[in-house]
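Peer 1: Provided below: structure37.csv, containing CSV, C-alpha atoms.
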chain,number,residue,atom,x,y,z
J,3,MET,CA,11.0,5.1,3.7
J,4,LYS,CA,8.3,3.0,5.4
J,5,THR,CA,8.1,-0.4,3.7
J,6,GLY,CA,5.6,-3.3,4.2
J,7,ILE,CA,5.5,-6.7,2.7
J,8,PHE,CA,2.4,-8.7,1.7
J,9,VAL,CA,3.3,-12.4,1.2
J,10,GLY,CA,1.6,-15.5,-0.1
J,11,THR,CA,1.4,-18.1,-2.8
J,12,PHE,CA,-1.2,-16.1,-4.7
J,13,ASN,CA,-2.5,-19.1,-6.7
J,14,PRO,CA,-4.4,-17.2,-7.9
J,15,PHE,CA,-4.3,-13.6,-6.7
J,16,THR,CA,-7.9,-12.8,-5.9
J,17,VAL,CA,-10.1,-9.8,-5.4
J,18,GLY,CA,-9.6,-10.3,-1.7
J,19,HIS,CA,-5.8,-10.0,-2.1
J,20,ASP,CA,-6.3,-6.9,-4.2
J,21,SER,CA,-8.5,-5.4,-1.5
J,22,ILE,CA,-5.8,-5.9,1.1
J,23,VAL,CA,-3.2,-4.4,-1.1
J,24,ARG,CA,-5.3,-1.3,-1.9
J,25,ARG,CA,-6.2,-0.8,1.8
J,26,ALA,CA,-2.6,-1.4,3.0
J,27,LEU,CA,-0.9,0.9,0.4
J,28,PRO,CA,-1.8,4.2,2.1
J,29,LEU,CA,0.1,3.0,5.2
J,30,PHE,CA,3.4,2.7,3.4
J,31,ASP,CA,5.8,4.5,1.0
J,32,ARG,CA,6.5,1.1,-0.6
J,33,LEU,CA,4.6,-2.2,-0.5
J,34,VAL,CA,6.4,-5.3,-1.7
J,35,ILE,CA,4.2,-8.2,-2.7
J,36,GLY,CA,6.2,-11.4,-2.0
J,37,VAL,CA,5.2,-14.3,-4.1
J,38,VAL,CA,6.3,-17.7,-2.8
J,39,GLY,CA,8.9,-19.0,-5.2
J,40,ASP,CA,9.1,-22.2,-7.2
J,41,HIS,CA,10.7,-24.2,-4.3
J,42,VAL,CA,7.2,-25.0,-2.9
J,43,SER,CA,6.0,-28.5,-3.5
J,44,LYS,CA,2.3,-27.8,-4.2
J,45,PRO,CA,0.8,-29.8,-7.1
J,46,GLY,CA,-0.2,-27.8,-10.1
J,47,ILE,CA,1.1,-24.5,-8.9
J,48,PRO,CA,2.0,-22.2,-11.8
J,49,PRO,CA,5.6,-21.0,-11.9
J,50,ALA,CA,6.4,-18.0,-9.7
J,51,ALA,CA,7.3,-15.9,-12.8
J,52,GLU,CA,3.8,-16.4,-14.1
J,53,ARG,CA,2.1,-15.4,-10.9
J,54,ILE,CA,4.4,-12.4,-10.5
J,55,GLU,CA,3.7,-11.2,-14.0
J,56,ALA,CA,-0.1,-11.4,-13.4
J,57,ILE,CA,0.2,-9.3,-10.2
J,58,GLN,CA,2.7,-6.8,-11.8
J,59,THR,CA,0.2,-6.2,-14.6
J,60,LEU,CA,-2.5,-5.3,-12.1
J,61,TYR,CA,-0.3,-2.6,-10.5
J,62,ALA,CA,1.7,-1.5,-13.5
J,63,ASP,CA,0.7,2.1,-12.9
J,64,GLU,CA,1.5,2.2,-9.2
J,65,PRO,CA,5.2,2.8,-8.6
J,66,ARG,CA,4.9,2.2,-4.8
J,67,ILE,CA,4.1,-1.5,-5.4
J,68,GLU,CA,6.8,-4.0,-6.3
J,69,VAL,CA,6.2,-7.7,-6.9
J,70,LYS,CA,9.0,-10.2,-6.2
J,71,ALA,CA,9.6,-13.9,-5.6
J,72,TYR,CA,10.8,-14.9,-2.2
J,73,PHE,CA,12.2,-18.1,-0.6
J,74,GLY,CA,12.2,-19.0,3.0
J,75,LEU,CA,10.7,-17.2,5.9
J,76,ALA,CA,8.6,-14.0,5.5
J,77,VAL,CA,10.8,-12.3,8.2
J,78,ASP,CA,13.9,-13.0,6.2
J,79,PHE,CA,12.2,-11.5,3.1
J,80,ALA,CA,11.1,-8.5,5.2
J,81,ARG,CA,14.7,-7.9,6.3
J,82,ALA,CA,16.0,-8.2,2.8
J,83,GLU,CA,13.5,-5.6,1.6
J,84,LYS,CA,14.2,-3.4,4.7
J,85,ALA,CA,10.5,-3.7,5.7
J,86,ARG,CA,9.4,-3.3,9.3
J,87,PHE,CA,5.9,-4.6,8.6
J,88,ILE,CA,4.2,-7.7,7.4
J,89,VAL,CA,0.7,-7.2,6.1
J,90,LYS,CA,-1.7,-10.1,6.5
J,91,GLY,CA,-5.4,-10.4,5.5
J,92,VAL,CA,-7.8,-12.1,7.9
J,93,ARG,CA,-11.2,-13.5,6.8
J,94,SER,CA,-12.3,-15.4,9.8
J,95,VAL,CA,-11.6,-16.3,13.5
J,96,LYS,CA,-9.7,-19.3,12.1
J,97,ASP,CA,-7.5,-17.0,10.0
J,98,PHE,CA,-7.0,-14.7,13.0
J,99,GLU,CA,-5.8,-17.4,15.3
J,100,TYR,CA,-3.3,-18.7,12.7
J,101,GLU,CA,-2.0,-15.2,11.9
J,102,ARG,CA,-1.8,-14.2,15.6
J,103,GLU,CA,0.4,-17.2,16.2
J,104,GLN,CA,2.6,-16.4,13.2
J,105,ALA,CA,2.9,-12.8,14.3
J,106,ASP,CA,4.0,-13.9,17.8
J,107,VAL,CA,6.7,-16.2,16.3
J,108,ASN,CA,7.8,-13.5,13.8
J,109,ARG,CA,8.1,-11.0,16.6
J,110,GLN,CA,10.3,-13.4,18.6
J,111,LEU,CA,12.5,-14.2,15.6
J,112,THR,CA,13.1,-10.5,15.0
J,113,ASN,CA,13.3,-9.3,18.6
J,114,GLY,CA,10.3,-7.1,17.9
J,115,GLN,CA,11.9,-5.4,14.9
J,116,ILE,CA,9.2,-6.6,12.5
J,117,GLU,CA,5.5,-6.1,13.3
J,118,THR,CA,2.5,-7.8,11.7
J,119,ILE,CA,-0.5,-5.7,10.6
J,120,LEU,CA,-3.7,-7.6,10.3
J,121,LEU,CA,-6.3,-6.2,7.9
J,122,TYR,CA,-9.8,-7.7,8.1
J,123,SER,CA,-11.4,-8.8,4.9
J,124,GLU,CA,-14.2,-6.6,3.6
J,125,PRO,CA,-17.4,-8.6,4.1
J,126,GLN,CA,-18.0,-9.3,0.4
J,127,TYR,CA,-14.6,-11.0,0.2
J,128,ALA,CA,-14.8,-13.0,3.4
J,129,SER,CA,-15.6,-16.3,1.7
J,130,ILE,CA,-13.2,-15.9,-1.2
J,131,SER,CA,-9.9,-17.9,-1.1
J,132,SER,CA,-7.5,-19.0,-3.7
J,133,SER,CA,-8.3,-22.7,-3.1
J,134,MET,CA,-12.0,-22.0,-3.6
J,135,VAL,CA,-11.3,-20.2,-6.9
J,136,ARG,CA,-9.1,-23.1,-8.0
J,137,GLU,CA,-11.8,-25.6,-7.1
J,138,LEU,CA,-14.5,-23.7,-9.1
J,139,GLN,CA,-12.1,-23.4,-12.0
J,140,HIS,CA,-11.6,-27.2,-11.9
J,141,PHE,CA,-15.3,-27.7,-12.3
J,142,GLY,CA,-15.5,-25.2,-15.2
J,143,VAL,CA,-17.1,-22.3,-13.3
J,144,ASP,CA,-16.4,-18.8,-14.6
J,145,VAL,CA,-14.3,-17.3,-11.8
J,146,SER,CA,-13.8,-13.8,-13.4
J,147,ASN,CA,-15.8,-12.1,-10.5
J,148,TYR,CA,-13.2,-13.5,-8.0
J,149,LEU,CA,-10.2,-12.2,-9.9
J,150,PRO,CA,-9.1,-8.5,-9.9
J,151,ARG,CA,-9.1,-6.4,-13.0
J,152,ARG,CA,-6.4,-3.9,-13.7
J,153,HIS,CA,-7.2,-0.5,-12.1
J,154,ASN,CA,-6.1,3.0,-12.7
J,155,VAL,CA,-3.4,4.5,-10.5
J,156,ILE,CA,-4.1,4.1,-6.8
J,157,THR,CA,-4.5,7.3,-5.0
J,158,LYS,CA,-2.9,8.0,-1.6
Spell out the structure here as structure tokens.

Peer 2:
Amino acid sequence: MKTGIFVGTFNPFTVGHDSIVRRALPLFDRLVIGVVGDHVSKPGIPPAAERIEAIQTLYADEPRIEVKAYFGLAVDFARAEKARFIVKGVRSVKDFEYEREQADVNRQLTNGQIETILLYSEPQYASISSSMVRELQHFGVDVSNYLPRRHNVITK
């Protein structure tokens, strides 16, 4: 079974994240969305259970997607899930450089056993980030266009 993981804080899970999940899913038999657990010291972050439930609701009709909390390194989570691939979304050159460095370190930590797959953002989502959504929410802006709605079953 070919398994990939897609990890992040997902505070909140945006339409950009949803796009990456939908585009990555055909590459795998199983895609595990790893939500950073409650050990993170970020002010105002909702509990992991709340973030997990919101994402699970989006993909309730898709049995190939699992959503779980994880603690520690992404490569350790990948090993625990028997995943050989880490999926990352890239919106900009800045993101690319960061993710390239992380991929290199992850490859070193796993002796090349876990590979990183970079998926570029669709143009309409390139400026959307969780931090941008949180800031707009803070100022009372309706952010519903930046948050995914539940879809029907995803097709292969």

Peer 1: List the neighbours of Gln126 of chain J out to 12 Å using all atoms listed in the file; skip same-chain residues closer than 5 positions along the sequence, and give me the result as a list in words.

Peer 2: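 Close residues of Gln126 of chain J: Val17, Gly18, Ser21, Arg93, Ser131, Asn147 and Tyr148 of chain J.
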
Peer 1: May I ask for the distance between atom CA of Glu99 of chain J and atom CA of Leu120 of chain J, given in Å to one decimal place?

Peer 2: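 We find that atom CA of Glu99 of chain J and atom CA of Leu120 of chain J lie 11.2 Å from each other.
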
Peer 1: Smallest atom-to-atom distance to Phe15 of chain J: which of J:Asn113, J:Ser132, J:Gln104, J:Ser94, using all atoms listed in the file?

Peer 2: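 Closest to Phe15 of chain J, using all atoms listed in the file: J:Ser132.
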
Peer 1: With a distance cut-off of 7 Å and all atoms listed in the file, select the neighbouring residues of segment 44-56 of chain J, excluding the residue or stretch itself and same-chain residues fewer than 4 positions from it, and output the selection as a PyMOL selection string.

Peer 2: chain J and resi 13+37-40+60+69-71

Peer 1: Which residue is closest to Leu29 of chain J? Choose from J:Ile119, J:Ile57, J:Leu111, J:Ala105 and count all atoms listed in the file.

Peer 2: J:Ile119

Peer 1: Expressed in Å to a single decimal, how great is the separation between atom CA of Asn108 of chain J and atom CA of Val77 of chain J?

Peer 2: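 Distance reported for this atom pair: 6.5 Å.
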
Peer 1: Figure out the distance between atom CA of Val95 of chain J and atom CA of Thr112 of chain J, please, to one decimal in Å.

Peer 2: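 These two atoms are separated by 25.4 Å.
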
Peer 1: J:Thr118, J:Ser133, J:Thr5, J:Gln110: which is nearest Ala85 of chain J, counting only C-alpha atoms?

Peer 2: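 Using only C-alpha atoms, the shortest distance to Ala85 of chain J belongs to J:Thr5.
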
Peer 1: For Ala26 of chain J, which of J:Met3, J:Arg81, J:Tyr122, J:Gln139 is the closest residue, counting only C-alpha atoms?

Peer 2: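 Comparing J:Met3, J:Arg81, J:Tyr122, J:Gln139 against Ala26 of chain J, the winner is J:Tyr122.
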
Peer 1: Just checking: using only C-alpha atoms, which residue out of J:Val135, J:Arg109, J:Arg152, J:Thr11 ends up closest to Glu64 of chain J?

Peer 2: J:Arg152

Peer 1: Which polymer residues have any atom within 12 Å of an atom of Leu33 of chain J, counting all atoms listed in the file, with same-chain residues fewer than 3 positions away left out, as a ChimeraX atom specification?

Peer 2: /J:3-9,22-30,36,61,64-70,80,83-89

Peer 1: Using all atoms listed in the file, find the one residue out of J:Val34, J:Gly10, J:Phe98, J:Thr16 that sits nearest to Met134 of chain J.

Peer 2: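 Ranked by minimum distance to Met134 of chain J, first place goes to J:Thr16.
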